[in-house]
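All remarks here apply to the structure that follows.
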Amino acid sequence: MIEKLLVANRGEIARRVFRTCRDAGIGTVAVFSDADADAPHTAEADVAVRLPGNAPSDTYLRAELLIKAAVETGADAIHPGYGFLSENAAFARAVIDAGLTWVGPPPEAIESMGSKVESKRMMAEAGVPILSELDPAEVTEADLPLLVKASAGGGGRGMRVVRSLGELAEAVEGASAEAASAFGDPTVFCERYLETGRHIEVQVLADTHGTVWAVGERECSIQRRHQKVVEEAPSPFVDETMREALFDAARKAAQAIDYVGAGTVEFLAGPDGRFYFLEMNTRLQVEHPVTEATAGLDLVSLQLRIAEGEHLPIDEPETRGHAIEVRLYAEDPAAGWQPQSGTLHRFELPAAQREFEVGPGVRLDSGFVSGQTVGVHYDPMLAKVIAFAPDRRSAARALAGALAGAEIHGVVTNRDLLVNVLRHEAFLAGETDTAFFDRHGLETLARPLATVDTVRISALAAALAGAAVNRAGAQVQGRLPSGWRNVRSQGQRKRFRRGEDEIEVVYTLTRDGLRADGFDGVELVSAGNDGVVLEVSGVRRKFAVARYGDTVYVDSPEGTVELSVVPRYPDPDAALAAGSLVAPMPGTVVRLAVEAGDTVKTGDPLLWLEAMKMEHRIAAPADGVVTELPVVVGQQVEVGTILAVVGDDE
């Protein structure tokens with residue numbers, strides 16, 4: 001029996017495992033890096049052990065420190081979560097050798113699936129259909145398009161799509177470097193790339209007594225940078241005949257390596273319904289909640305019971321309803337999916353509940369709470385939001401509504417993109433292959449929920465709330481209306497910036513009510529420090545207003561609007577030189593492609609920045625000459641640091 005469990009991970013997955021442990025009466029141990037000292041997972045465990053440092057290589061990837069923490073706290077078992085060391089056979093062996101219970105598959109099973117090259121050979125021998133491996137040195141035009149993939153690891157890291165032979169060398173170099181950084185193994189290989197494939201995966205569970213379950217399939221085709229964004233169960237693409245074939249292949253894969261515990265067998269399916277083995281994840285998946293909802297299972301509880309030697313029932317559980325999960329990231333889809341960092345001032349999803357077991361509902365699995373800092377050391381996923389309903393359209397509508405009503409202040413997220421996807425007719429029709437973003441256009445899908453009119457009236461609400469704050473803090477005559485004059489010559493003026501646009505609000509508060517330029521038919525009902533109620537053409541609308549320094553967030557049913565207050569007297573020294581490229585996020589300069597004085601063309605790579613476990617290409621914005629290159633390889637940079645300056649040829 002497991003009495004006390006250490007979770008060798010962080011964030012939402014650590015919190016998820018702790019939740020099941022609390023329900024089961026199992027003691028919990030957290031580990032935390034310096035960056036995670038105040039993280040929710042650190043506070044929620046019974047005890048927590050510090051791992052000095054911030055980088056994963058100094059903390060969550062240090063097997064000896066994790067095992068030492070378990071021994072010193074009296075833990076008798078370790079759960080690896082996902083990512084980090086969850087698919088590291090050496091770590092699994094070290095846990096077992098230390099006399100602890102390993103909540104995961106046998107090290108041999110992890111090892112056999114750890115290499116994508118070797119795993120494909122084994123699956124072919126077991127009768128599981130595969131895509132043939134291609135040697136990068138032997139690729140020809142006939143093989144295009146193809147995918148360069150890291151042999152170790154996953155999560156979209158170390159992957160590049162190649163559509164011309166001229167791109168191959170850079171793709172191999174970049175994928176290899178990223179794989180080495182993320183997984184410690186630079187080995188890459190190539191395989192044929194299906195432009196419009198469907199990513200279908202099967203959840204398997206196996207006990208130590210020979211029982212193997214295939215617990216429903218999930219579809220995870222909507223991806224960015226080969227990382228999943230939307231996941232659902234069951235797949236709208238899979239019929240009963242295909243489902244039986246998928247389940248049979250998944251069971252064969254698990255049985256071929258004597259698998260034990262929870263795992264996922266991933267397949268790529270073509271438009272004709274034929275599918276091919278991609279890989280087997282020998283751990284719990286990020287998207288496991290959609291299977292939990294449709295199968296009525298607690299997969300973490302089953303992992304623990306299997307680790308304790310319990311039998312699974314012979315009959316596989318039946319599934320019902322439909323579940324959809326989205327990954328809420330701190331990133332800007334419209335800016336090439338750039339990860340974001342900073343203080344998460346407010347993070348609330350009023351429509352979400354902590355968890356659900358039966359019936360419709362929205363669930364939030366998050367590693368963050370209001371007031372936390374989103375750093376650069378780890379993946380930028382803020383949360384997973386899951387909706388479960390009797391049918392697919394109902395689940396999509398509930399999830400979109402919950403996200404649209406979320407209050408997320410402080411960092412840019414992909415929330416609006418997720419809502420637009422969930423409400424898109426192609427998504428609702430089940431047309432969800434891996435080319436979804438390319439086919440429907442990221443510019444359209446990433447558009448803000450707030451319309452131009454919503455932005456304008458939100459700016460008016462922000463100005464009125466700001467005036468209420470000023471009057472509340474006034475030392476003299478605080479009861480007078482904002483901007484009151486005996487003889488009025490002009491209205492109050494407030495300027496805001498939203499992206500590249502500037503919005504000016506001109507208004508007057510008179511004894512007869514609000515007069516605002518360009519807002520005919522708008523009446524002020526009430527204005528306070530944190531909210532404004534306006535009546536627009538007879539319809540009352542509420543606006544929640546929050547201010548953090550010079551940034552204002554206005555939340556309403558029509559969408560969230562972020563505004564920056566334009567200072568009346570801007571600092572001229574704050575302007576950057578023309579052609580300056582600044583760091584979009586904190587990170588490390590890992591490679592340089594040019595030197596000062598080099599001539600470059602639009603789109604040419606200048607350097608690569610590593611942040612949040614991914615490499616980010618910084619390219620020339622125009623033809624010209626690199627007049628300044630003030631950074632070097634290995635340098636840590638903050639947001640706004642000048643990385644390079646590209647000037648005119650002359």
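Residue numbering restarts at 1 for every chain of the structure tokens, chains are lettered A, B, ... in their displayed order, and ligands are numbered from 1 as they appear.
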Members of segment 384-509 of chain A assigned strand (DSSP E) by DSSP, as JSON, numbers by chain: {"A": [384, 385, 386, 387, 388, 389, 407, 408, 409, 492, 493, 494, 495, 496, 497, 498, 501, 502, 503, 504, 505, 506, 507, 508, 509]}
Output of the above residues as a compact mmCIF listing (two decimals), in the first residue's frame, restricted to N, CA and C atoms:
# COMPACT_ATOMS: atom_id res chain seq x y z
N LYS A 384 -5.54 23.73 -18.29
CA LYS A 384 -6.38 22.95 -19.20
C LYS A 384 -7.82 23.19 -18.77
N VAL A 385 -8.68 23.47 -19.74
CA VAL A 385 -10.10 23.67 -19.45
C VAL A 385 -10.86 22.61 -20.22
N ILE A 386 -11.71 21.87 -19.52
CA ILE A 386 -12.37 20.70 -20.10
C ILE A 386 -13.89 20.82 -19.93
N ALA A 387 -14.61 20.57 -20.99
CA ALA A 387 -16.08 20.54 -20.91
C ALA A 387 -16.58 19.15 -21.25
N PHE A 388 -17.57 18.68 -20.49
CA PHE A 388 -18.18 17.38 -20.74
C PHE A 388 -19.68 17.59 -20.88
N ALA A 389 -20.26 17.00 -21.94
CA ALA A 389 -21.69 17.18 -22.22
C ALA A 389 -22.21 15.94 -22.93
N GLU A 407 -11.57 35.83 -16.81
CA GLU A 407 -10.89 37.09 -16.53
C GLU A 407 -9.41 36.79 -16.40
N ILE A 408 -8.63 37.15 -17.43
CA ILE A 408 -7.20 36.83 -17.49
C ILE A 408 -6.45 38.13 -17.72
N HIS A 409 -5.81 38.62 -16.68
CA HIS A 409 -5.11 39.90 -16.75
C HIS A 409 -3.62 39.72 -16.51
N GLN A 492 -13.30 66.40 -20.97
CA GLN A 492 -12.17 65.64 -20.45
C GLN A 492 -11.61 64.76 -21.58
N ARG A 493 -10.31 64.62 -21.63
CA ARG A 493 -9.68 63.81 -22.68
C ARG A 493 -8.81 62.73 -22.05
N LYS A 494 -8.99 61.52 -22.55
CA LYS A 494 -8.16 60.40 -22.08
C LYS A 494 -7.75 59.60 -23.30
N ARG A 495 -6.46 59.30 -23.38
CA ARG A 495 -5.95 58.55 -24.53
C ARG A 495 -5.43 57.19 -24.08
N PHE A 496 -5.76 56.19 -24.89
CA PHE A 496 -5.31 54.82 -24.64
C PHE A 496 -4.65 54.27 -25.91
N ARG A 497 -3.81 53.30 -25.72
CA ARG A 497 -3.21 52.61 -26.87
C ARG A 497 -3.58 51.14 -26.80
N ARG A 498 -3.98 50.60 -27.94
CA ARG A 498 -4.25 49.16 -28.07
C ARG A 498 -3.51 48.68 -29.30
N ASP A 501 -2.85 51.00 -32.42
CA ASP A 501 -3.91 52.01 -32.51
C ASP A 501 -3.99 52.85 -31.25
N GLU A 502 -4.33 54.11 -31.44
CA GLU A 502 -4.55 55.01 -30.32
C GLU A 502 -6.01 55.42 -30.29
N ILE A 503 -6.60 55.40 -29.11
CA ILE A 503 -8.02 55.72 -28.93
C ILE A 503 -8.12 56.92 -27.99
N GLU A 504 -8.81 57.95 -28.43
CA GLU A 504 -9.02 59.11 -27.59
C GLU A 504 -10.48 59.17 -27.17
N VAL A 505 -10.72 59.32 -25.88
CA VAL A 505 -12.06 59.44 -25.33
C VAL A 505 -12.24 60.88 -24.86
N VAL A 506 -13.27 61.55 -25.35
CA VAL A 506 -13.59 62.92 -24.94
C VAL A 506 -14.99 62.90 -24.33
N TYR A 507 -15.10 63.29 -23.08
CA TYR A 507 -16.39 63.21 -22.40
C TYR A 507 -16.55 64.34 -21.41
N THR A 508 -17.79 64.60 -21.03
CA THR A 508 -18.11 65.58 -20.00
C THR A 508 -19.20 65.01 -19.12
N LEU A 509 -19.05 65.18 -17.82
CA LEU A 509 -20.08 64.78 -16.86
C LEU A 509 -20.81 66.05 -16.42
Taking 5 positions as the minimum chain separation for residues in the same chain, which residues sit within 9 Å of Thr59 of chain A when counting only C-alpha atoms? Answer as an mmCIF file with C-alpha atoms, in the first residue's frame.
data_model
loop_
_atom_site.group_PDB
_atom_site.id
_atom_site.type_symbol
_atom_site.label_atom_id
_atom_site.label_comp_id
_atom_site.auth_asym_id
_atom_site.auth_seq_id
_atom_site.Cartn_x
_atom_site.Cartn_y
_atom_site.Cartn_z
ATOM 1 C CA VAL A 31 9.365 19.339 -4.927
ATOM 2 C CA PHE A 32 9.956 22.887 -6.098
ATOM 3 C CA SER A 33 12.573 24.989 -7.807
ATOM 4 C CA ASP A 34 13.369 28.499 -6.607
ATOM 5 C CA ARG A 50 13.386 22.719 -2.329
ATOM 6 C CA LEU A 51 15.462 21.889 -5.403
ATOM 7 C CA PRO A 52 17.993 24.749 -5.576
ATOM 8 C CA GLY A 53 18.036 26.608 -8.882
ATOM 9 C CA ASN A 54 15.589 27.398 -11.653
ATOM 10 C CA LEU A 65 17.744 15.016 -5.745
ATOM 11 C CA LEU A 66 14.224 13.714 -6.314
#
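Using only C-alpha atoms, the smallest distance between any of A:Ala180, A:Asp416, A:Asp143, A:Gly430 and Glu443 of chain A comes from A:Asp416.
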For segment 129-133 of chain A: contacts at 6 Å, only C-alpha atoms, fewer than 3 positions along chain excluded, given as an MDAnalysis selection string: chainID A and resid 190:191 276:277
A:Ala253, A:Ala150, A:Val455, A:Val188 ranked by distance to Arg121 of chain A, top pick (using only C-alpha atoms): A:Ala253
DSSP-assigned alpha helix (DSSP H) among segment 415-530 of chain A, expressed as a ChimeraX atom specification: /A:415-422,425-428,436-440,442-445,452-472
Just write the chosen residues, C-alpha atoms, as a tab-separated table (two decimals), in the first residue's frame.
chain	number	residue	atom	x	y	z
A	415	ARG	CA	-7.96	32.40	-25.15
A	416	ASP	CA	-9.62	34.26	-28.02
A	417	LEU	CA	-8.16	31.82	-30.54
A	418	LEU	CA	-9.58	28.87	-28.59
A	419	VAL	CA	-13.05	30.42	-28.46
A	420	ASN	CA	-12.97	31.16	-32.19
A	421	VAL	CA	-11.93	27.56	-32.95
A	422	LEU	CA	-14.66	26.08	-30.74
A	425	GLU	CA	-18.42	25.84	-38.26
A	426	ALA	CA	-15.63	23.59	-39.59
A	427	PHE	CA	-14.77	22.52	-36.04
A	428	LEU	CA	-18.40	21.92	-35.19
A	436	PHE	CA	-6.84	23.33	-39.50
A	437	PHE	CA	-4.91	26.54	-38.76
A	438	ASP	CA	-3.40	26.71	-42.25
A	439	ARG	CA	-6.71	26.09	-44.00
A	440	HIS	CA	-8.83	28.56	-42.03
A	442	LEU	CA	-4.49	32.09	-38.25
A	443	GLU	CA	-5.29	35.76	-38.83
A	444	THR	CA	-9.01	34.93	-38.77
A	445	LEU	CA	-8.88	32.40	-35.94
A	452	VAL	CA	-13.99	47.63	-32.85
A	453	ASP	CA	-17.20	48.95	-31.26
A	454	THR	CA	-16.54	46.93	-28.10
A	455	VAL	CA	-13.04	48.38	-27.86
A	456	ARG	CA	-14.36	51.93	-28.20
A	457	ILE	CA	-17.04	51.62	-25.53
A	458	SER	CA	-14.63	49.71	-23.27
A	459	ALA	CA	-12.23	52.65	-23.56
A	460	LEU	CA	-15.06	54.94	-22.47
A	461	ALA	CA	-15.73	52.66	-19.48
A	462	ALA	CA	-12.02	52.69	-18.62
A	463	ALA	CA	-11.95	56.50	-18.72
A	464	LEU	CA	-15.03	56.78	-16.50
A	465	ALA	CA	-13.69	54.23	-14.00
A	466	GLY	CA	-10.38	56.10	-13.93
A	467	ALA	CA	-12.24	59.33	-13.19
A	468	ALA	CA	-14.08	57.59	-10.34
A	469	VAL	CA	-10.75	56.48	-8.88
A	470	ASN	CA	-9.40	60.03	-9.09
A	471	ARG	CA	-12.48	61.51	-7.41
A	472	ALA	CA	-12.39	58.88	-4.65
Between atom CA of Thr434 of chain A and atom CA of Leu278 of chain A, distance in Å (one decimal): 14.2 Å
Contacts of Val286 of chain A within 10 Å, only C-alpha atoms, excl. fewer than 5 positions in-chain, as a PyMOL selection string: chain A and resi 12-13+81-83+228+231+325+327+384
Those selected residues, please, written with all heavy atoms and delivered as a PDB file, in the first residue's frame.
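So again.pdb came out as:
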ATOM      1  N   GLU A  12       0.240  22.091 -12.872  1.00  0.00           N
ATOM      2  CA  GLU A  12      -1.096  21.494 -12.799  1.00  0.00           C
ATOM      3  C   GLU A  12      -1.080  19.989 -12.639  1.00  0.00           C
ATOM      4  O   GLU A  12      -1.975  19.429 -11.996  1.00  0.00           O
ATOM      5  CB  GLU A  12      -1.942  21.905 -14.008  1.00  0.00           C
ATOM      6  CG  GLU A  12      -1.449  21.435 -15.351  1.00  0.00           C
ATOM      7  CD  GLU A  12      -1.986  20.060 -15.713  1.00  0.00           C
ATOM      8  OE1 GLU A  12      -2.933  19.580 -15.072  1.00  0.00           O
ATOM      9  OE2 GLU A  12      -1.438  19.453 -16.623  1.00  0.00           O
ATOM     10  N   ILE A  13      -0.096  19.283 -13.198  1.00  0.00           N
ATOM     11  CA  ILE A  13      -0.109  17.828 -13.058  1.00  0.00           C
ATOM     12  C   ILE A  13       0.211  17.419 -11.624  1.00  0.00           C
ATOM     13  O   ILE A  13      -0.353  16.451 -11.102  1.00  0.00           O
ATOM     14  CB  ILE A  13       0.847  17.135 -14.059  1.00  0.00           C
ATOM     15  CG1 ILE A  13       0.701  15.615 -13.980  1.00  0.00           C
ATOM     16  CG2 ILE A  13       2.286  17.568 -13.845  1.00  0.00           C
ATOM     17  CD1 ILE A  13      -0.707  15.105 -14.177  1.00  0.00           C
ATOM     18  N   GLY A  81       4.424  12.265 -13.132  1.00  0.00           N
ATOM     19  CA  GLY A  81       3.643  13.222 -13.909  1.00  0.00           C
ATOM     20  C   GLY A  81       3.887  13.025 -15.391  1.00  0.00           C
ATOM     21  O   GLY A  81       3.957  11.898 -15.883  1.00  0.00           O
ATOM     22  N   TYR A  82       4.013  14.130 -16.132  1.00  0.00           N
ATOM     23  CA  TYR A  82       4.413  14.045 -17.541  1.00  0.00           C
ATOM     24  C   TYR A  82       5.499  15.088 -17.807  1.00  0.00           C
ATOM     25  O   TYR A  82       5.656  16.057 -17.082  1.00  0.00           O
ATOM     26  CB  TYR A  82       3.222  14.224 -18.490  1.00  0.00           C
ATOM     27  CG  TYR A  82       2.338  15.410 -18.222  1.00  0.00           C
ATOM     28  CD1 TYR A  82       2.771  16.713 -18.440  1.00  0.00           C
ATOM     29  CD2 TYR A  82       1.042  15.230 -17.755  1.00  0.00           C
ATOM     30  CE1 TYR A  82       1.960  17.792 -18.208  1.00  0.00           C
ATOM     31  CE2 TYR A  82       0.213  16.314 -17.516  1.00  0.00           C
ATOM     32  CZ  TYR A  82       0.676  17.596 -17.751  1.00  0.00           C
ATOM     33  OH  TYR A  82      -0.139  18.668 -17.504  1.00  0.00           O
ATOM     34  N   GLY A  83       6.267  14.859 -18.887  1.00  0.00           N
ATOM     35  CA  GLY A  83       7.418  15.718 -19.129  1.00  0.00           C
ATOM     36  C   GLY A  83       8.544  15.377 -18.167  1.00  0.00           C
ATOM     37  O   GLY A  83       8.504  14.384 -17.425  1.00  0.00           O
ATOM     38  N   LYS A 228      -0.206  19.910 -29.248  1.00  0.00           N
ATOM     39  CA  LYS A 228      -1.665  19.859 -29.214  1.00  0.00           C
ATOM     40  C   LYS A 228      -2.250  21.108 -28.544  1.00  0.00           C
ATOM     41  O   LYS A 228      -1.698  21.602 -27.565  1.00  0.00           O
ATOM     42  CB  LYS A 228      -2.105  18.602 -28.470  1.00  0.00           C
ATOM     43  CG  LYS A 228      -1.553  17.313 -29.077  1.00  0.00           C
ATOM     44  CD  LYS A 228      -1.649  16.149 -28.122  1.00  0.00           C
ATOM     45  CE  LYS A 228      -0.931  14.925 -28.658  1.00  0.00           C
ATOM     46  NZ  LYS A 228      -0.891  13.822 -27.679  1.00  0.00           N
ATOM     47  N   GLU A 231      -8.125  18.939 -27.698  1.00  0.00           N
ATOM     48  CA  GLU A 231      -8.212  17.483 -27.643  1.00  0.00           C
ATOM     49  C   GLU A 231      -9.641  17.095 -27.288  1.00  0.00           C
ATOM     50  O   GLU A 231     -10.302  17.807 -26.518  1.00  0.00           O
ATOM     51  CB  GLU A 231      -7.251  16.925 -26.582  1.00  0.00           C
ATOM     52  CG  GLU A 231      -5.787  17.260 -26.837  1.00  0.00           C
ATOM     53  CD  GLU A 231      -5.170  18.168 -25.780  1.00  0.00           C
ATOM     54  OE1 GLU A 231      -5.925  18.795 -25.016  1.00  0.00           O
ATOM     55  OE2 GLU A 231      -3.935  18.239 -25.726  1.00  0.00           O
ATOM     56  N   GLU A 325     -11.137  19.265 -24.446  1.00  0.00           N
ATOM     57  CA  GLU A 325     -10.157  19.981 -23.621  1.00  0.00           C
ATOM     58  C   GLU A 325      -9.389  20.963 -24.481  1.00  0.00           C
ATOM     59  O   GLU A 325      -9.041  20.665 -25.628  1.00  0.00           O
ATOM     60  CB  GLU A 325      -9.181  18.990 -22.971  1.00  0.00           C
ATOM     61  CG  GLU A 325      -8.002  19.656 -22.272  1.00  0.00           C
ATOM     62  CD  GLU A 325      -7.005  18.653 -21.696  1.00  0.00           C
ATOM     63  OE1 GLU A 325      -7.414  17.894 -20.795  1.00  0.00           O
ATOM     64  OE2 GLU A 325      -5.847  18.602 -22.154  1.00  0.00           O
ATOM     65  N   ARG A 327      -5.945  23.729 -24.255  1.00  0.00           N
ATOM     66  CA  ARG A 327      -4.788  24.140 -23.472  1.00  0.00           C
ATOM     67  C   ARG A 327      -4.675  25.660 -23.545  1.00  0.00           C
ATOM     68  O   ARG A 327      -4.488  26.228 -24.624  1.00  0.00           O
ATOM     69  CB  ARG A 327      -3.514  23.490 -23.997  1.00  0.00           C
ATOM     70  CG  ARG A 327      -3.562  21.972 -24.012  1.00  0.00           C
ATOM     71  CD  ARG A 327      -2.202  21.380 -24.326  1.00  0.00           C
ATOM     72  NE  ARG A 327      -2.284  19.950 -24.582  1.00  0.00           N
ATOM     73  CZ  ARG A 327      -1.215  19.171 -24.738  1.00  0.00           C
ATOM     74  NH1 ARG A 327       0.000  19.685 -24.686  1.00  0.00           N
ATOM     75  NH2 ARG A 327      -1.363  17.867 -24.974  1.00  0.00           N
ATOM     76  N   LYS A 384      -5.544  23.726 -18.290  1.00  0.00           N
ATOM     77  CA  LYS A 384      -6.381  22.946 -19.197  1.00  0.00           C
ATOM     78  C   LYS A 384      -7.822  23.190 -18.771  1.00  0.00           C
ATOM     79  O   LYS A 384      -8.135  23.126 -17.581  1.00  0.00           O
ATOM     80  CB  LYS A 384      -6.057  21.457 -19.099  1.00  0.00           C
ATOM     81  CG  LYS A 384      -4.585  21.138 -19.311  1.00  0.00           C
ATOM     82  CD  LYS A 384      -4.255  19.681 -19.145  1.00  0.00           C
ATOM     83  CE  LYS A 384      -4.866  19.035 -17.936  1.00  0.00           C
ATOM     84  NZ  LYS A 384      -4.233  17.743 -17.600  1.00  0.00           N
TER      85      LYS A 384
END
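Distances here use only C-alpha atoms; by that measure, the residue among A:Gln338, A:Thr294, A:Asn9, A:Ser115 closest to Pro80 of chain A is A:Asn9.
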